[in-house]
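A.B. asks: One structure is given below, represented as structure tokens, and several questions about it will come after.
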Amino acid sequence: MLIAHINRQLLELDAAALRRRLRVAESPCDPLQAFEGEHGGQALLAFCSNDYLGLAHHGALAQAMAEGARLWGTGSGASHLVSGHMRPHAQVEDLIARWFAPHIPHARALLMCSGYMANLALTTALGDGSATLFCDKLNHASLIDGARLADAEVKRYAHGRLDVLAQQLAACTTPLKLIVTDAVFSMDGDIADLPALLKLAEAHDAWLILDDAHGLGVLGEHGHGALEHFKLHSERLICMGTLGKAAGVSGAFVAAHPAIIEWLIQKARSFIYTTAMPPAVAHTILASLKVIESPEGRARRTRLMGLIEQLRTGLRALLAAQPAWTLGESATAIQPLIVGDNETALRLSATLRQQGIYVPAMRPPTVPQGTARLRITLSAAHTPAQVQRLLLALAQAMGEPA
Ligand SMILES: *Cc1c(COP(=O)(O)O)cnc(C)c1O
């Protein structure tokens, strides 16, 4: 009964070109990456990871991971509140707190196992029955799930429509108001207007929760993310960042006023009821954060920005001949080539794959209906020649009849 029920629904997914497939990578996260059963076992030129600075497979970080395991073993053995919170976890929190001190007065940080869990922690621990959560409709799935789990009322506003948000805030009667937004939207790469959002928060006595999964490491002179990019400063800012994307490791953090961090420690179930991340991972994160704010990190950001410019210039030229498709307005490493229907996105992705290039097709429900796309992501580890190869392959693929 259950199996038949599932199989029927799987066939429906197939029919709508929405079936997802797990692929096994046979080599580390790099621009050239091999996958089981694909391209004759040869490496594909991949534009799909969130490893924006090329740190996921970095010698110094691998060494830090080995050293961390030697010093601290492989497991934390318990949740943070029992005995799993070790010196490397505390060191990461201290460094993150220092990063955010210019933006959030008296900032304190809390390390968590993943961004998904950090977002559940924030929305459920802060979004109690006295609160309203105001959410951008294109927020990441983890924020959407967190809002579902929270006792708070939830209002959603169309992507970037701060005029709608302002009306919702003005009409809101709950004592606590929390604006919740991606800082860099994960499928579009656009940066939220955080200065305007903070002004709204101040005008309506609200708080601003921002998810900087895609800004951390990439934005700001020192890679501290969207708050450094906009040079914002306010007690009302609550920042979540992830450590498995540009930082190249795993995990996430929340940086906020000390009272907010203390409350998460008391109430956030996705913090309390899970085993602390391995101390060796925290030790590696510390090494990664030091690279991110070093001259090497800056050089990697500069290289990434050059590749983004190269790709956008090339794509704009290509799209002159294909006006049905659009390139999203993005100044970040996420570059969406929006083609509309699922089949076109899949066909384009498959054509590129035949040429040894992997760019994933993103379809609903990950993106809104009718906006299926190639989500091209760049890394500082890519070379200009590799970006050129992608542009040439796209030009060829676009010339082919549908
Ligand atoms: C990836 C991502 C997350 C989840 O972070 P994980 O550490 O991978 O769980 C949260 N928010 C956004 C915007 C993301 O892109």
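Ordering of the structure tokens sets the chain letters (A, B, ...); residue numbers start at 1 within each chain; ligands are numbered from 1 in the order shown.
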Throw together the list of residues within 6 Å of ligand 1, counting only C-alpha atoms and all ligand atoms, and drop it here as number ranges by chain.

C.D. replies: A: 114-116, 140, 142, 182, 186, 211, 213, 242, 244, 251-252

A.B. asks: Kindly save the residues from that selection, with all heavy atoms included, as a PDB file, in the first residue's frame.

C.D. replies:
ATOM      1  N   SER A 114      24.481  23.085  11.988  1.00  0.00           N
ATOM      2  CA  SER A 114      24.190  23.404  10.592  1.00  0.00           C
ATOM      3  C   SER A 114      23.333  24.658  10.522  1.00  0.00           C
ATOM      4  O   SER A 114      22.709  25.066  11.512  1.00  0.00           O
ATOM      5  CB  SER A 114      23.463  22.237   9.909  1.00  0.00           C
ATOM      6  OG  SER A 114      22.104  22.217  10.306  1.00  0.00           O
ATOM      7  N   GLY A 115      23.305  25.228   9.327  1.00  0.00           N
ATOM      8  CA  GLY A 115      22.489  26.408   9.112  1.00  0.00           C
ATOM      9  C   GLY A 115      21.012  26.096   9.258  1.00  0.00           C
ATOM     10  O   GLY A 115      20.234  26.912   9.762  1.00  0.00           O
ATOM     11  N   TYR A 116      20.640  24.907   8.821  1.00  0.00           N
ATOM     12  CA  TYR A 116      19.238  24.491   8.944  1.00  0.00           C
ATOM     13  C   TYR A 116      18.829  24.528  10.416  1.00  0.00           C
ATOM     14  O   TYR A 116      17.800  25.087  10.786  1.00  0.00           O
ATOM     15  CB  TYR A 116      19.083  23.078   8.371  1.00  0.00           C
ATOM     16  CG  TYR A 116      17.647  22.637   8.208  1.00  0.00           C
ATOM     17  CD1 TYR A 116      17.018  22.716   6.973  1.00  0.00           C
ATOM     18  CD2 TYR A 116      16.921  22.165   9.289  1.00  0.00           C
ATOM     19  CE1 TYR A 116      15.700  22.319   6.830  1.00  0.00           C
ATOM     20  CE2 TYR A 116      15.601  21.775   9.154  1.00  0.00           C
ATOM     21  CZ  TYR A 116      14.994  21.847   7.918  1.00  0.00           C
ATOM     22  OH  TYR A 116      13.694  21.467   7.773  1.00  0.00           O
ATOM     23  N   HIS A 140      15.142  31.011   2.358  1.00  0.00           N
ATOM     24  CA  HIS A 140      15.586  29.622   2.297  1.00  0.00           C
ATOM     25  C   HIS A 140      14.605  28.683   3.002  1.00  0.00           C
ATOM     26  O   HIS A 140      13.956  29.056   3.975  1.00  0.00           O
ATOM     27  CB  HIS A 140      16.969  29.519   2.945  1.00  0.00           C
ATOM     28  CG  HIS A 140      17.618  28.183   2.785  1.00  0.00           C
ATOM     29  ND1 HIS A 140      17.567  27.212   3.752  1.00  0.00           N
ATOM     30  CD2 HIS A 140      18.318  27.655   1.754  1.00  0.00           C
ATOM     31  CE1 HIS A 140      18.228  26.147   3.338  1.00  0.00           C
ATOM     32  NE2 HIS A 140      18.697  26.387   2.122  1.00  0.00           N
ATOM     33  N   SER A 142      14.949  26.431   5.085  1.00  0.00           N
ATOM     34  CA  SER A 142      15.134  26.252   6.537  1.00  0.00           C
ATOM     35  C   SER A 142      14.434  27.359   7.324  1.00  0.00           C
ATOM     36  O   SER A 142      13.942  27.111   8.435  1.00  0.00           O
ATOM     37  CB  SER A 142      16.629  26.218   6.872  1.00  0.00           C
ATOM     38  OG  SER A 142      17.287  27.374   6.397  1.00  0.00           O
ATOM     39  N   ASP A 182      16.829  36.204   3.991  1.00  0.00           N
ATOM     40  CA  ASP A 182      18.145  35.847   3.461  1.00  0.00           C
ATOM     41  C   ASP A 182      18.878  37.165   3.201  1.00  0.00           C
ATOM     42  O   ASP A 182      18.249  38.138   2.768  1.00  0.00           O
ATOM     43  CB  ASP A 182      18.014  35.128   2.102  1.00  0.00           C
ATOM     44  CG  ASP A 182      17.611  33.657   2.222  1.00  0.00           C
ATOM     45  OD1 ASP A 182      17.073  33.256   3.276  1.00  0.00           O
ATOM     46  OD2 ASP A 182      17.824  32.920   1.243  1.00  0.00           O
ATOM     47  N   SER A 186      19.413  32.519  -2.084  1.00  0.00           N
ATOM     48  CA  SER A 186      20.235  31.377  -2.477  1.00  0.00           C
ATOM     49  C   SER A 186      20.033  30.927  -3.912  1.00  0.00           C
ATOM     50  O   SER A 186      20.912  30.297  -4.484  1.00  0.00           O
ATOM     51  CB  SER A 186      20.004  30.209  -1.514  1.00  0.00           C
ATOM     52  OG  SER A 186      18.632  29.925  -1.395  1.00  0.00           O
ATOM     53  N   ASP A 211      19.990  35.844   7.349  1.00  0.00           N
ATOM     54  CA  ASP A 211      20.659  34.584   7.047  1.00  0.00           C
ATOM     55  C   ASP A 211      21.728  34.881   6.003  1.00  0.00           C
ATOM     56  O   ASP A 211      21.428  35.137   4.842  1.00  0.00           O
ATOM     57  CB  ASP A 211      19.609  33.593   6.513  1.00  0.00           C
ATOM     58  CG  ASP A 211      20.217  32.293   6.012  1.00  0.00           C
ATOM     59  OD1 ASP A 211      21.418  32.265   5.696  1.00  0.00           O
ATOM     60  OD2 ASP A 211      19.460  31.309   5.906  1.00  0.00           O
ATOM     61  N   ALA A 213      24.139  32.969   4.765  1.00  0.00           N
ATOM     62  CA  ALA A 213      24.775  31.742   4.277  1.00  0.00           C
ATOM     63  C   ALA A 213      25.657  32.009   3.055  1.00  0.00           C
ATOM     64  O   ALA A 213      26.724  31.414   2.909  1.00  0.00           O
ATOM     65  CB  ALA A 213      23.711  30.693   3.941  1.00  0.00           C
ATOM     66  N   THR A 242      26.639  30.517   7.775  1.00  0.00           N
ATOM     67  CA  THR A 242      26.957  29.087   7.686  1.00  0.00           C
ATOM     68  C   THR A 242      28.445  28.903   7.392  1.00  0.00           C
ATOM     69  O   THR A 242      29.103  29.768   6.818  1.00  0.00           O
ATOM     70  CB  THR A 242      26.114  28.366   6.619  1.00  0.00           C
ATOM     71  OG1 THR A 242      26.453  28.886   5.343  1.00  0.00           O
ATOM     72  CG2 THR A 242      24.633  28.538   6.871  1.00  0.00           C
ATOM     73  N   GLY A 244      29.684  25.875   6.012  1.00  0.00           N
ATOM     74  CA  GLY A 244      29.896  24.809   5.044  1.00  0.00           C
ATOM     75  C   GLY A 244      29.916  25.337   3.615  1.00  0.00           C
ATOM     76  O   GLY A 244      30.076  24.571   2.666  1.00  0.00           O
ATOM     77  N   GLY A 251      28.769  23.493   9.524  1.00  0.00           N
ATOM     78  CA  GLY A 251      28.272  24.152  10.716  1.00  0.00           C
ATOM     79  C   GLY A 251      27.740  25.543  10.437  1.00  0.00           C
ATOM     80  O   GLY A 251      27.651  25.967   9.273  1.00  0.00           O
ATOM     81  N   ALA A 252      27.373  26.231  11.506  1.00  0.00           N
ATOM     82  CA  ALA A 252      26.783  27.563  11.378  1.00  0.00           C
ATOM     83  C   ALA A 252      26.913  28.273  12.717  1.00  0.00           C
ATOM     84  O   ALA A 252      27.323  27.673  13.717  1.00  0.00           O
ATOM     85  CB  ALA A 252      25.325  27.452  10.977  1.00  0.00           C
TER      86      ALA A 252
END

A.B. asks: Could you make a table, as JSON lines, of the residues of range 321-376 of chain A that have an atom within 9 Å of an atom of range 282-306 of chain A, each with its nearest atom pair and distance in Å to one decimal, counting only C-alpha atoms, in chain and number order?

C.D. replies:
{"residue": "A:Ala331", "atom": "CA", "partner": "A:Met305", "partner_atom": "CA", "distance": 8.3}
{"residue": "A:Thr332", "atom": "CA", "partner": "A:Met305", "partner_atom": "CA", "distance": 7.8}
{"residue": "A:Ala333", "atom": "CA", "partner": "A:Leu304", "partner_atom": "CA", "distance": 7.3}

A.B. asks: Taking only C-alpha atoms into account, name the residue in A:Ala166, A:Ala192, A:Ala16, A:Gln388 that is nearest to Glu343 in chain A.

C.D. replies: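 The closest residue to Glu343 in chain A is A:Ala16.
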
A.B. asks: If you count only C-alpha atoms, which residues fall within 12 Å of Gly77 in chain A, apart from same-chain ones fewer than 3 positions away, as a list in words?

C.D. replies: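 Those residues are Trp72, Gly73, Thr74, His80, Leu81, Val82, Ser83, Gly84, His85, Met86, Thr274, Thr275, Ala276, Met277, Pro278 and Pro279 of chain A.
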
A.B. asks: Could you list, with a cut-off of 10 Å and counting only C-alpha atoms, the residues of range 207-321 of chain A near range 25-49 of chain A, each shown with its nearest atom pair and the distance in Å rounded to one decimal, rows sorted by chain and ascending number, as a tab-separated table?

C.D. replies:
residue	atom	partner	partner_atom	distance
A:Lys245	CA	A:Ser49	CA	8.0
A:Ala246	CA	A:Ser49	CA	9.6
A:Gly248	CA	A:Cys29	CA	9.4

A.B. asks: For the atom pair CA of Leu232 in chain A and CA of His103 in chain A, what is the interatomic distance in Å to one decimal place?

C.D. replies: 5.7 Å

A.B. asks: Quick one: DSSP strand (DSSP E) residues in range 183-395 of chain A, as JSON, numbers by chain?

C.D. replies: {"A": [207, 208, 209, 210, 211, 237, 238, 239, 240, 241, 242, 252, 253, 254, 255, 256, 326, 327, 334, 335, 336, 337, 338, 339, 340, 357, 358, 361, 362, 372, 373, 374, 375, 376, 377]}

A.B. asks: Take the residues that were just selected and, keeping N, CA, C and O atoms, output them as a compact mmCIF listing (two decimals), in the first residue's frame.

C.D. replies:
# COMPACT_ATOMS: atom_id res chain seq x y z
N TRP A 207 12.89 43.59 15.07
CA TRP A 207 14.24 43.04 15.02
C TRP A 207 14.49 42.46 13.64
O TRP A 207 13.54 42.06 12.96
N LEU A 208 15.76 42.42 13.23
CA LEU A 208 16.08 41.93 11.88
C LEU A 208 16.96 40.68 11.97
O LEU A 208 18.13 40.76 12.35
N ILE A 209 16.35 39.53 11.63
CA ILE A 209 17.10 38.27 11.58
C ILE A 209 17.58 38.08 10.15
O ILE A 209 16.76 38.03 9.23
N LEU A 210 18.89 37.99 9.94
CA LEU A 210 19.35 37.78 8.57
C LEU A 210 20.19 36.53 8.46
O LEU A 210 20.96 36.19 9.36
N ASP A 211 19.99 35.84 7.35
CA ASP A 211 20.66 34.58 7.05
C ASP A 211 21.73 34.88 6.00
O ASP A 211 21.43 35.14 4.84
N LEU A 237 20.16 43.80 15.12
CA LEU A 237 20.61 42.82 14.12
C LEU A 237 20.88 41.46 14.77
O LEU A 237 21.55 41.38 15.80
N ILE A 238 20.36 40.42 14.13
CA ILE A 238 20.60 39.04 14.57
C ILE A 238 21.09 38.30 13.32
O ILE A 238 20.33 38.17 12.35
N CYS A 239 22.36 37.88 13.32
CA CYS A 239 22.94 37.35 12.09
C CYS A 239 23.26 35.86 12.20
O CYS A 239 23.95 35.43 13.12
N MET A 240 22.74 35.09 11.25
CA MET A 240 23.09 33.68 11.13
C MET A 240 24.05 33.55 9.95
O MET A 240 23.84 34.17 8.91
N GLY A 241 25.11 32.78 10.11
CA GLY A 241 26.02 32.53 9.00
C GLY A 241 26.33 31.04 8.96
O GLY A 241 26.27 30.36 9.99
N THR A 242 26.64 30.52 7.77
CA THR A 242 26.96 29.09 7.69
C THR A 242 28.45 28.90 7.39
O THR A 242 29.10 29.77 6.82
N ALA A 252 27.37 26.23 11.51
CA ALA A 252 26.78 27.56 11.38
C ALA A 252 26.91 28.27 12.72
O ALA A 252 27.32 27.67 13.72
N PHE A 253 26.56 29.55 12.71
CA PHE A 253 26.59 30.31 13.97
C PHE A 253 25.47 31.33 13.97
O PHE A 253 24.93 31.68 12.93
N VAL A 254 25.17 31.80 15.16
CA VAL A 254 24.32 32.98 15.31
C VAL A 254 25.15 34.01 16.04
O VAL A 254 25.80 33.68 17.04
N ALA A 255 25.15 35.25 15.56
CA ALA A 255 25.79 36.36 16.28
C ALA A 255 24.70 37.36 16.62
O ALA A 255 23.89 37.73 15.75
N ALA A 256 24.64 37.76 17.88
CA ALA A 256 23.57 38.66 18.33
C ALA A 256 23.90 39.22 19.70
O ALA A 256 24.94 38.90 20.29
N THR A 326 16.59 34.98 -19.06
CA THR A 326 17.12 36.15 -18.38
C THR A 326 18.22 35.76 -17.39
O THR A 326 18.21 34.69 -16.81
N LEU A 327 19.12 36.71 -17.22
CA LEU A 327 20.17 36.57 -16.22
C LEU A 327 19.74 37.41 -15.02
O LEU A 327 19.48 38.59 -15.16
N ILE A 334 26.49 33.53 -6.98
CA ILE A 334 25.34 32.78 -7.51
C ILE A 334 24.80 33.54 -8.72
O ILE A 334 24.35 34.68 -8.59
N GLN A 335 24.84 32.89 -9.90
CA GLN A 335 24.40 33.55 -11.12
C GLN A 335 23.29 32.71 -11.77
O GLN A 335 23.56 31.66 -12.34
N PRO A 336 22.04 33.17 -11.66
CA PRO A 336 20.93 32.38 -12.19
C PRO A 336 20.63 32.71 -13.65
O PRO A 336 20.44 33.86 -14.01
N LEU A 337 20.62 31.66 -14.48
CA LEU A 337 20.21 31.82 -15.87
C LEU A 337 18.80 31.23 -15.96
O LEU A 337 18.61 30.01 -16.00
N ILE A 338 17.80 32.12 -15.95
CA ILE A 338 16.40 31.69 -15.82
C ILE A 338 15.82 31.42 -17.20
O ILE A 338 15.80 32.30 -18.06
N VAL A 339 15.38 30.15 -17.40
CA VAL A 339 14.89 29.76 -18.72
C VAL A 339 13.38 29.49 -18.70
O VAL A 339 12.76 29.38 -19.76
N GLY A 340 12.77 29.35 -17.52
CA GLY A 340 11.32 29.22 -17.45
C GLY A 340 10.84 27.82 -17.14
O GLY A 340 10.57 27.49 -16.00
N ILE A 357 30.49 19.50 -18.68
CA ILE A 357 30.29 20.63 -17.77
C ILE A 357 29.05 20.39 -16.93
O ILE A 357 27.99 20.05 -17.46
N TYR A 358 29.19 20.57 -15.64
CA TYR A 358 28.06 20.32 -14.75
C TYR A 358 27.53 21.64 -14.17
O TYR A 358 28.20 22.30 -13.38
N ALA A 361 20.31 22.12 -12.90
CA ALA A 361 19.03 22.76 -13.20
C ALA A 361 18.24 22.83 -11.89
O ALA A 361 18.14 21.85 -11.17
N MET A 362 17.74 24.01 -11.57
CA MET A 362 16.91 24.18 -10.36
C MET A 362 15.46 24.32 -10.78
O MET A 362 15.13 25.16 -11.63
N ALA A 372 12.26 27.93 -13.70
CA ALA A 372 13.34 26.94 -13.70
C ALA A 372 14.59 27.59 -14.29
O ALA A 372 14.49 28.47 -15.15
N ARG A 373 15.73 27.15 -13.80
CA ARG A 373 16.96 27.85 -14.17
C ARG A 373 18.19 26.97 -14.08
O ARG A 373 18.17 25.92 -13.45
N LEU A 374 19.24 27.46 -14.70
CA LEU A 374 20.56 26.94 -14.38
C LEU A 374 21.08 27.82 -13.26
O LEU A 374 21.06 29.04 -13.37
N ARG A 375 21.50 27.18 -12.18
CA ARG A 375 22.11 27.95 -11.09
C ARG A 375 23.61 27.77 -11.23
O ARG A 375 24.16 26.74 -10.87
N ILE A 376 24.24 28.79 -11.79
CA ILE A 376 25.68 28.75 -12.01
C ILE A 376 26.34 29.34 -10.76
O ILE A 376 26.02 30.47 -10.38
N THR A 377 27.21 28.58 -10.13
CA THR A 377 27.96 29.18 -9.02
C THR A 377 29.45 29.16 -9.34
O THR A 377 29.97 28.21 -9.92

A.B. asks: Pick the closest to Pro365 in chain A from A:Trp99, A:His58, A:Ala141, A:Ala131: which is it, counting only C-alpha atoms?

C.D. replies: A:Ala141

A.B. asks: With only C-alpha atoms as the atoms that count, which of A:Leu138, A:Ala321, A:Ala4, A:Ala393 lies nearest to Gln354 in chain A?

C.D. replies: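 Distance minimum relative to Gln354 in chain A lands on A:Ala393.
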
A.B. asks: With DSSP run on the backbone, what are the helix (DSSP H, G or I) residues within range 303-343 of chain A? I'd like them as a PyMOL selection string.

C.D. replies: chain A and resi 303-319+342-343

A.B. asks: Of the candidates A:Ala56, A:Ala90, A:Leu216, A:Arg312, which one gets nearest to Ser330 in chain A if we count only C-alpha atoms?

C.D. replies: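 Nearest to Ser330 in chain A: A:Arg312.
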
A.B. asks: Using only C-alpha atoms for the distances, tell me which of A:Ile308, A:Ile96, A:Ala324, A:Val218 is nearest to Pro384 in chain A.

C.D. replies: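 Closest to Pro384 in chain A, using only C-alpha atoms: A:Ile308.
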
A.B. asks: Go through A:Val180, A:Leu264, A:Ile191, A:Leu243 and flag the residue nearest Leu126 in chain A, using only C-alpha atoms for the distances.

C.D. replies: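 The shortest atom-to-atom distance to Leu126 in chain A comes from A:Leu264.
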